[in-house]
Amino acid sequence: MHTVMHLNLRVDPTQYISQIREVPDYDYIHMVRQPKYMIDLSLLNEKVHYLNEVFSPKEYVKRNNISLLHAHHGQLGMLLLPFKEETNLPLVTSIRGRDATLANQPIGYLDNMKMLFDRGERFFPVCQYLADRLIAWGCPSEKIRVLYGGVDLNEFKYRAPHKGDSQNILSIGRLVEKKGHHILMQAFQKIRGKFPNATLTIIGRGELEEYLISLANQLNLGDSFRLLNHLPKDQVREQMTNADIFCAASLEAADGDVEGIPNTLKEAMAIGVPVISTNHAGIPELITNNKEGVLVQENNVDELADALEFMLTNREIWETYTVAARQKVELNFNLAQQLQKQAEFYDELVAPYKVGKRYLVKPRQIDKKVLKETPQPQLQGKDDGEKIAPRKKAEIAKKALIYMQQLQQLQGIQELPQLQQLKQFPQLQQLQQQTKDKVKDELVASNKHEKKAKVQQRAQDHDEKIASRKKEQKAHKAEKVKKALYKIQKFQQKAIDEQLGGDHGGL
């Protein structure tokens, strides 16, 4: 069984645990950068490792029998490039939303992504929309495989829509601009007069918490509005089960940040809650307007208010939407099927004979308005090594041609009319033989010189290799000593802490 080393932002249940720990026929190493990113201790096991504790990538890969590297964000793919270069392992990078934009990215981000496109083997955007963005940036389409996030259909079981008088609207997501919570709150305020018993609940936490609380006061939403902090997974599912309508008002943020496809939308559709969302990013790949749910233009308060009013007024058609929505999730967003597809994508890299052309991604016609902030792909020159290679091939071919011509002369090829004529003139035949002997002697001398040069080069390479190995061994010993000193310091600090009566700054 092959082992994949996964590098993720943090270890918590929201961070694609299934795509790391449940891929069929593949074992895993779950890696984060430092221990502080180990958020949920219930997920800690012997397969959770820390990148900052890996001193020798080659030894680490050999010790853990790793066959493949998988970075779960574009930034993490860049971080793994040196690891990949040292171990020569194939690198897969998942693209999930903001990493396919220039939103809040450091200077040089696009150039680094283009370097990742060149050196990485595969890219897994979570929707076709993001795949199109990668292609627009210059990623070769043959390296792209769209891999949707899946829903565990055993965990999110379908139930028919509520038939009572409740009008509970639910939205779940981080409190950031691209989730569009502020647009949903304004749309909800516009319909409150017609539906005085309706409620709006938003579950999440983030940088806009204070702003949304202030906005609720400005809109006089009162008790009809609740803002709940991050809840455990079971409680979130319970809130979703009790909801009458689920709304994801996703939009492109002012800095260009976008969604992929919100997992909460897929879960609501799987569980049988009627959904309203926006024509944003990959969401239309999940929802067809007026079939699996209702879609409106993003960042449009009036259209969203009309959709809420339409759905609350026409309760009798809810089941038509929810049945179609459940079927869509079962067909394209079933977790078991997506994990199997992920395993097949891995097989293309570790078992090349299994490459499947049916997964190749083709670029779509890209709307310039949709990709308005996406830089146009630039023609990139290849690096120096790639420029030299064709020249070397041409030189080799030229030398081979000259050698064959000389060899033909040595073998006395007689088919050419000019050579046939030489038989009539003994002096010319004698001159030809002298020329053959001279060329032969020159070739023999040249071969001896080349053999001598090769032997000298091999000896030089051997000496350099031994010197390099000694240098690496010396550096490795130094790292071991450094690590041992660090452990001694930790032991001493622990002893001091115990004397002081408690932990001071530990994990």
# chains A, B, ... in the order shown; residues from 1 in each chain; ligands from 1

$ residues_around --residues "Val151 (chain A)" --least-positions-apart "6" --cutoff "12 Å" --atoms "only C-alpha atoms" --output "ChimeraX atom specification"
/A:16,18-19,157,262-271,326,328-339

$ select_by_dssp --residues "region 56-193 of chain A" --states "strand (DSSP E or B)" --output "mmCIF file with all heavy atoms, in the first residue's frame"
data_model
loop_
_atom_site.group_PDB
_atom_site.id
_atom_site.type_symbol
_atom_site.label_atom_id
_atom_site.label_comp_id
_atom_site.auth_asym_id
_atom_site.auth_seq_id
_atom_site.Cartn_x
_atom_site.Cartn_y
_atom_site.Cartn_z
ATOM 1 N N ILE A 66 7.063 6.781 1.913
ATOM 2 C CA ILE A 66 6.154 7.720 1.254
ATOM 3 C C ILE A 66 6.349 7.669 -0.256
ATOM 4 O O ILE A 66 7.488 7.664 -0.745
ATOM 5 C CB ILE A 66 6.401 9.150 1.778
ATOM 6 C CG1 ILE A 66 6.046 9.214 3.271
ATOM 7 C CG2 ILE A 66 5.594 10.181 1.000
ATOM 8 C CD1 ILE A 66 6.471 10.500 3.949
ATOM 9 N N SER A 67 5.229 7.637 -0.988
ATOM 10 C CA SER A 67 5.269 7.546 -2.451
ATOM 11 C C SER A 67 4.797 8.809 -3.143
ATOM 12 O O SER A 67 5.034 8.983 -4.337
ATOM 13 C CB SER A 67 4.396 6.373 -2.932
ATOM 14 O OG SER A 67 4.778 5.160 -2.352
ATOM 15 N N LEU A 68 4.101 9.702 -2.406
ATOM 16 C CA LEU A 68 3.434 10.832 -3.055
ATOM 17 C C LEU A 68 3.272 11.961 -2.044
ATOM 18 O O LEU A 68 3.077 11.717 -0.853
ATOM 19 C CB LEU A 68 2.060 10.382 -3.554
ATOM 20 C CG LEU A 68 1.211 11.349 -4.376
ATOM 21 C CD1 LEU A 68 1.848 11.597 -5.736
ATOM 22 C CD2 LEU A 68 -0.194 10.779 -4.574
ATOM 23 N N LEU A 69 3.345 13.209 -2.521
ATOM 24 C CA LEU A 69 3.126 14.386 -1.683
ATOM 25 C C LEU A 69 1.832 15.064 -2.123
ATOM 26 O O LEU A 69 1.575 15.211 -3.319
ATOM 27 C CB LEU A 69 4.285 15.379 -1.829
ATOM 28 C CG LEU A 69 5.697 14.830 -1.621
ATOM 29 C CD1 LEU A 69 6.729 15.913 -1.914
ATOM 30 C CD2 LEU A 69 5.871 14.301 -0.203
ATOM 31 N N HIS A 70 1.003 15.497 -1.137
ATOM 32 C CA HIS A 70 -0.259 16.178 -1.457
ATOM 33 C C HIS A 70 -0.381 17.408 -0.564
ATOM 34 O O HIS A 70 -0.542 17.301 0.655
ATOM 35 C CB HIS A 70 -1.447 15.238 -1.229
ATOM 36 C CG HIS A 70 -2.752 15.809 -1.704
ATOM 37 N ND1 HIS A 70 -3.853 15.010 -1.983
ATOM 38 C CD2 HIS A 70 -3.155 17.076 -1.955
ATOM 39 C CE1 HIS A 70 -4.864 15.776 -2.373
ATOM 40 N NE2 HIS A 70 -4.449 17.040 -2.358
ATOM 41 N N ALA A 71 -0.311 18.586 -1.189
ATOM 42 C CA ALA A 71 -0.508 19.849 -0.475
ATOM 43 C C ALA A 71 -1.949 20.291 -0.671
ATOM 44 O O ALA A 71 -2.456 20.281 -1.797
ATOM 45 C CB ALA A 71 0.444 20.914 -1.014
ATOM 46 N N LEU A 91 4.234 15.592 -6.803
ATOM 47 C CA LEU A 91 3.534 16.534 -5.937
ATOM 48 C C LEU A 91 2.162 16.856 -6.501
ATOM 49 O O LEU A 91 2.030 17.250 -7.655
ATOM 50 C CB LEU A 91 4.354 17.826 -5.787
ATOM 51 C CG LEU A 91 3.677 18.999 -5.062
ATOM 52 C CD1 LEU A 91 3.343 18.616 -3.615
ATOM 53 C CD2 LEU A 91 4.566 20.239 -5.103
ATOM 54 N N VAL A 92 1.139 16.698 -5.651
ATOM 55 C CA VAL A 92 -0.243 17.051 -5.976
ATOM 56 C C VAL A 92 -0.623 18.261 -5.129
ATOM 57 O O VAL A 92 -0.277 18.327 -3.946
ATOM 58 C CB VAL A 92 -1.197 15.876 -5.658
ATOM 59 C CG1 VAL A 92 -2.649 16.310 -5.784
ATOM 60 C CG2 VAL A 92 -0.910 14.703 -6.572
ATOM 61 N N THR A 93 -1.338 19.233 -5.721
ATOM 62 C CA THR A 93 -1.772 20.414 -4.981
ATOM 63 C C THR A 93 -3.266 20.623 -5.178
ATOM 64 O O THR A 93 -3.732 20.724 -6.316
ATOM 65 C CB THR A 93 -1.023 21.675 -5.440
ATOM 66 O OG1 THR A 93 0.391 21.461 -5.312
ATOM 67 C CG2 THR A 93 -1.422 22.876 -4.599
ATOM 68 N N SER A 94 -4.024 20.675 -4.087
ATOM 69 C CA SER A 94 -5.451 21.011 -4.149
ATOM 70 C C SER A 94 -5.610 22.525 -4.194
ATOM 71 O O SER A 94 -4.891 23.255 -3.512
ATOM 72 C CB SER A 94 -6.195 20.448 -2.939
ATOM 73 O OG SER A 94 -6.300 19.037 -3.022
ATOM 74 N N ILE A 95 -6.554 22.995 -5.006
ATOM 75 C CA ILE A 95 -6.861 24.417 -5.134
ATOM 76 C C ILE A 95 -8.304 24.609 -4.694
ATOM 77 O O ILE A 95 -9.225 24.028 -5.272
ATOM 78 C CB ILE A 95 -6.669 24.903 -6.584
ATOM 79 C CG1 ILE A 95 -5.254 24.586 -7.068
ATOM 80 C CG2 ILE A 95 -6.986 26.379 -6.701
ATOM 81 C CD1 ILE A 95 -4.158 25.319 -6.326
ATOM 82 N N ARG A 122 0.327 17.348 -10.482
ATOM 83 C CA ARG A 122 -1.134 17.390 -10.603
ATOM 84 C C ARG A 122 -1.690 18.530 -9.755
ATOM 85 O O ARG A 122 -1.127 18.907 -8.721
ATOM 86 C CB ARG A 122 -1.781 16.082 -10.133
ATOM 87 C CG ARG A 122 -1.606 14.907 -11.066
ATOM 88 C CD ARG A 122 -2.362 15.070 -12.375
ATOM 89 N NE ARG A 122 -2.239 13.891 -13.190
ATOM 90 C CZ ARG A 122 -1.251 13.652 -14.040
ATOM 91 N NH1 ARG A 122 -0.283 14.549 -14.177
ATOM 92 N NH2 ARG A 122 -1.228 12.544 -14.759
ATOM 93 N N PHE A 123 -2.863 19.020 -10.199
ATOM 94 C CA PHE A 123 -3.595 20.055 -9.467
ATOM 95 C C PHE A 123 -5.062 19.636 -9.397
ATOM 96 O O PHE A 123 -5.649 19.252 -10.405
ATOM 97 C CB PHE A 123 -3.426 21.419 -10.155
ATOM 98 C CG PHE A 123 -2.009 21.892 -10.163
ATOM 99 C CD1 PHE A 123 -1.143 21.519 -11.181
ATOM 100 C CD2 PHE A 123 -1.515 22.659 -9.121
ATOM 101 C CE1 PHE A 123 0.187 21.910 -11.181
ATOM 102 C CE2 PHE A 123 -0.191 23.050 -9.093
ATOM 103 C CZ PHE A 123 0.657 22.680 -10.126
ATOM 104 N N PHE A 124 -5.610 19.697 -8.173
ATOM 105 C CA PHE A 124 -6.990 19.265 -7.923
ATOM 106 C C PHE A 124 -7.852 20.468 -7.543
ATOM 107 O O PHE A 124 -8.119 20.699 -6.363
ATOM 108 C CB PHE A 124 -7.033 18.252 -6.768
ATOM 109 C CG PHE A 124 -6.396 16.921 -7.046
ATOM 110 C CD1 PHE A 124 -6.251 15.992 -6.013
ATOM 111 C CD2 PHE A 124 -5.936 16.582 -8.302
ATOM 112 C CE1 PHE A 124 -5.672 14.756 -6.248
ATOM 113 C CE2 PHE A 124 -5.344 15.346 -8.541
ATOM 114 C CZ PHE A 124 -5.215 14.434 -7.511
ATOM 115 N N PRO A 125 -8.314 21.289 -8.489
ATOM 116 C CA PRO A 125 -9.284 22.334 -8.143
ATOM 117 C C PRO A 125 -10.607 21.698 -7.739
ATOM 118 O O PRO A 125 -10.982 20.630 -8.251
ATOM 119 C CB PRO A 125 -9.414 23.138 -9.437
ATOM 120 C CG PRO A 125 -9.045 22.175 -10.516
ATOM 121 C CD PRO A 125 -8.010 21.265 -9.931
ATOM 122 N N ILE A 144 -4.421 19.040 -14.759
ATOM 123 C CA ILE A 144 -5.549 19.384 -13.893
ATOM 124 C C ILE A 144 -6.557 18.248 -13.837
ATOM 125 O O ILE A 144 -6.925 17.663 -14.858
ATOM 126 C CB ILE A 144 -6.231 20.673 -14.391
ATOM 127 C CG1 ILE A 144 -5.267 21.858 -14.314
ATOM 128 C CG2 ILE A 144 -7.483 20.974 -13.583
ATOM 129 C CD1 ILE A 144 -5.817 23.139 -14.899
ATOM 130 N N VAL A 151 -19.894 14.598 0.125
ATOM 131 C CA VAL A 151 -20.746 14.563 1.316
ATOM 132 C C VAL A 151 -20.952 13.106 1.713
ATOM 133 O O VAL A 151 -21.247 12.251 0.862
ATOM 134 C CB VAL A 151 -22.119 15.222 1.035
ATOM 135 C CG1 VAL A 151 -23.022 15.109 2.255
ATOM 136 C CG2 VAL A 151 -21.931 16.685 0.645
ATOM 137 N N ASN A 168 -37.825 29.138 9.356
ATOM 138 C CA ASN A 168 -36.460 29.304 9.859
ATOM 139 C C ASN A 168 -35.460 29.287 8.699
ATOM 140 O O ASN A 168 -35.313 28.279 8.004
ATOM 141 C CB ASN A 168 -36.114 28.186 10.844
ATOM 142 C CG ASN A 168 -37.043 28.182 12.043
ATOM 143 O OD1 ASN A 168 -37.414 29.251 12.539
ATOM 144 N ND2 ASN A 168 -37.442 27.000 12.498
ATOM 145 N N ILE A 169 -34.757 30.389 8.524
ATOM 146 C CA ILE A 169 -33.745 30.508 7.472
ATOM 147 C C ILE A 169 -32.376 30.364 8.125
ATOM 148 O O ILE A 169 -32.090 31.001 9.143
ATOM 149 C CB ILE A 169 -33.855 31.870 6.769
ATOM 150 C CG1 ILE A 169 -35.259 32.054 6.188
ATOM 151 C CG2 ILE A 169 -32.805 31.998 5.667
ATOM 152 C CD1 ILE A 169 -35.550 33.478 5.745
ATOM 153 N N LEU A 170 -31.533 29.547 7.521
ATOM 154 C CA LEU A 170 -30.221 29.245 8.110
ATOM 155 C C LEU A 170 -29.114 29.529 7.096
ATOM 156 O O LEU A 170 -29.261 29.257 5.896
ATOM 157 C CB LEU A 170 -30.159 27.768 8.530
ATOM 158 C CG LEU A 170 -28.817 27.257 9.077
ATOM 159 C CD1 LEU A 170 -28.476 27.914 10.406
ATOM 160 C CD2 LEU A 170 -28.846 25.730 9.222
ATOM 161 N N SER A 171 -27.989 30.064 7.599
ATOM 162 C CA SER A 171 -26.776 30.208 6.800
ATOM 163 C C SER A 171 -25.584 29.827 7.672
ATOM 164 O O SER A 171 -25.546 30.165 8.857
ATOM 165 C CB SER A 171 -26.624 31.637 6.280
ATOM 166 O OG SER A 171 -25.528 31.732 5.396
ATOM 167 N N ILE A 172 -24.617 29.137 7.072
ATOM 168 C CA ILE A 172 -23.448 28.665 7.825
ATOM 169 C C ILE A 172 -22.193 29.031 7.044
ATOM 170 O O ILE A 172 -22.116 28.798 5.832
ATOM 171 C CB ILE A 172 -23.493 27.137 8.038
ATOM 172 C CG1 ILE A 172 -24.767 26.729 8.789
ATOM 173 C CG2 ILE A 172 -22.253 26.657 8.789
ATOM 174 C CD1 ILE A 172 -24.957 25.223 8.883
#

$ select_by_dssp --residues "region 198-366 of chain A" --states "helix (DSSP H, G or I)" --output "number ranges by chain"
A: 209-218, 222-224, 233-242, 263-271, 283-286, 301-313, 315-332, 335-350, 352-354, 357-359

$ residues_around --residues "Trp318 (chain A)" --least-positions-apart "4" --cutoff "8 Å" --atoms "only C-alpha atoms" --output "PDB file with N, CA and C atoms, in the first residue's frame"
ATOM      1  N   PRO A 161     -39.032  17.936   3.325  1.00  0.00           N
ATOM      2  CA  PRO A 161     -39.097  19.292   3.897  1.00  0.00           C
ATOM      3  C   PRO A 161     -40.192  19.406   4.950  1.00  0.00           C
ATOM      4  N   PRO A 274     -34.535  22.960   1.373  1.00  0.00           N
ATOM      5  CA  PRO A 274     -34.549  23.782   0.164  1.00  0.00           C
ATOM      6  C   PRO A 274     -33.456  24.844   0.235  1.00  0.00           C
ATOM      7  N   MET A 311     -39.681  31.568  -2.057  1.00  0.00           N
ATOM      8  CA  MET A 311     -39.580  30.256  -1.424  1.00  0.00           C
ATOM      9  C   MET A 311     -40.521  30.148  -0.228  1.00  0.00           C
ATOM     10  N   ASN A 314     -44.185  29.714  -1.550  1.00  0.00           N
ATOM     11  CA  ASN A 314     -44.512  28.523  -2.339  1.00  0.00           C
ATOM     12  C   ASN A 314     -43.961  27.255  -1.685  1.00  0.00           C
ATOM     13  N   THR A 322     -36.028  19.600  -3.408  1.00  0.00           N
ATOM     14  CA  THR A 322     -35.160  18.811  -2.531  1.00  0.00           C
ATOM     15  C   THR A 322     -34.884  17.414  -3.085  1.00  0.00           C
TER      16      THR A 322
END

$ closest_residue --among "A:Gln297, A:Gln218, A:Gln75, A:Gln235" --to "Leu251 (chain A)" --atoms "only C-alpha atoms"
A:Gln297

$ decode --residues "region 300-341 of chain A" --atoms "C-alpha atoms" --output "PDB file, in the first residue's frame"
ATOM      1  CA  ASN A 300     -27.853  41.817  -5.008  1.00  0.00           C
ATOM      2  CA  VAL A 301     -30.079  42.495  -1.978  1.00  0.00           C
ATOM      3  CA  ASP A 302     -33.317  42.893  -3.970  1.00  0.00           C
ATOM      4  CA  GLU A 303     -32.957  39.664  -5.951  1.00  0.00           C
ATOM      5  CA  LEU A 304     -32.109  37.713  -2.811  1.00  0.00           C
ATOM      6  CA  ALA A 305     -35.124  39.210  -0.991  1.00  0.00           C
ATOM      7  CA  ASP A 306     -37.369  38.197  -3.904  1.00  0.00           C
ATOM      8  CA  ALA A 307     -35.990  34.636  -3.784  1.00  0.00           C
ATOM      9  CA  LEU A 308     -36.642  34.384  -0.028  1.00  0.00           C
ATOM     10  CA  GLU A 309     -40.175  35.668  -0.510  1.00  0.00           C
ATOM     11  CA  PHE A 310     -40.783  33.263  -3.406  1.00  0.00           C
ATOM     12  CA  MET A 311     -39.580  30.256  -1.424  1.00  0.00           C
ATOM     13  CA  LEU A 312     -41.508  31.136   1.743  1.00  0.00           C
ATOM     14  CA  THR A 313     -44.686  31.742  -0.277  1.00  0.00           C
ATOM     15  CA  ASN A 314     -44.512  28.523  -2.339  1.00  0.00           C
ATOM     16  CA  ARG A 315     -43.947  25.865   0.262  1.00  0.00           C
ATOM     17  CA  GLU A 316     -45.749  23.247  -1.854  1.00  0.00           C
ATOM     18  CA  ILE A 317     -42.880  23.081  -4.385  1.00  0.00           C
ATOM     19  CA  TRP A 318     -40.123  22.552  -1.823  1.00  0.00           C
ATOM     20  CA  GLU A 319     -40.090  18.787  -2.178  1.00  0.00           C
ATOM     21  CA  THR A 320     -39.650  19.046  -5.948  1.00  0.00           C
ATOM     22  CA  TYR A 321     -36.458  21.009  -5.342  1.00  0.00           C
ATOM     23  CA  THR A 322     -35.160  18.811  -2.531  1.00  0.00           C
ATOM     24  CA  VAL A 323     -35.646  15.503  -4.368  1.00  0.00           C
ATOM     25  CA  ALA A 324     -33.734  16.835  -7.377  1.00  0.00           C
ATOM     26  CA  ALA A 325     -31.073  18.283  -5.068  1.00  0.00           C
ATOM     27  CA  ARG A 326     -30.522  14.970  -3.291  1.00  0.00           C
ATOM     28  CA  GLN A 327     -30.178  13.205  -6.649  1.00  0.00           C
ATOM     29  CA  LYS A 328     -27.595  15.771  -7.804  1.00  0.00           C
ATOM     30  CA  VAL A 329     -25.499  15.241  -4.677  1.00  0.00           C
ATOM     31  CA  GLU A 330     -25.737  11.449  -4.984  1.00  0.00           C
ATOM     32  CA  LEU A 331     -24.651  11.626  -8.623  1.00  0.00           C
ATOM     33  CA  ASN A 332     -21.731  14.083  -8.464  1.00  0.00           C
ATOM     34  CA  PHE A 333     -20.890  14.846  -4.839  1.00  0.00           C
ATOM     35  CA  ASN A 334     -21.035  11.483  -3.061  1.00  0.00           C
ATOM     36  CA  LEU A 335     -18.028  11.314  -0.722  1.00  0.00           C
ATOM     37  CA  ALA A 336     -17.351   7.617  -1.397  1.00  0.00           C
ATOM     38  CA  GLN A 337     -17.279   8.189  -5.157  1.00  0.00           C
ATOM     39  CA  GLN A 338     -15.065  11.272  -4.899  1.00  0.00           C
ATOM     40  CA  LEU A 339     -12.569   9.444  -2.654  1.00  0.00           C
ATOM     41  CA  GLN A 340     -12.426   6.602  -5.172  1.00  0.00           C
ATOM     42  CA  LYS A 341     -11.776   9.126  -7.926  1.00  0.00           C
TER      43      LYS A 341
END
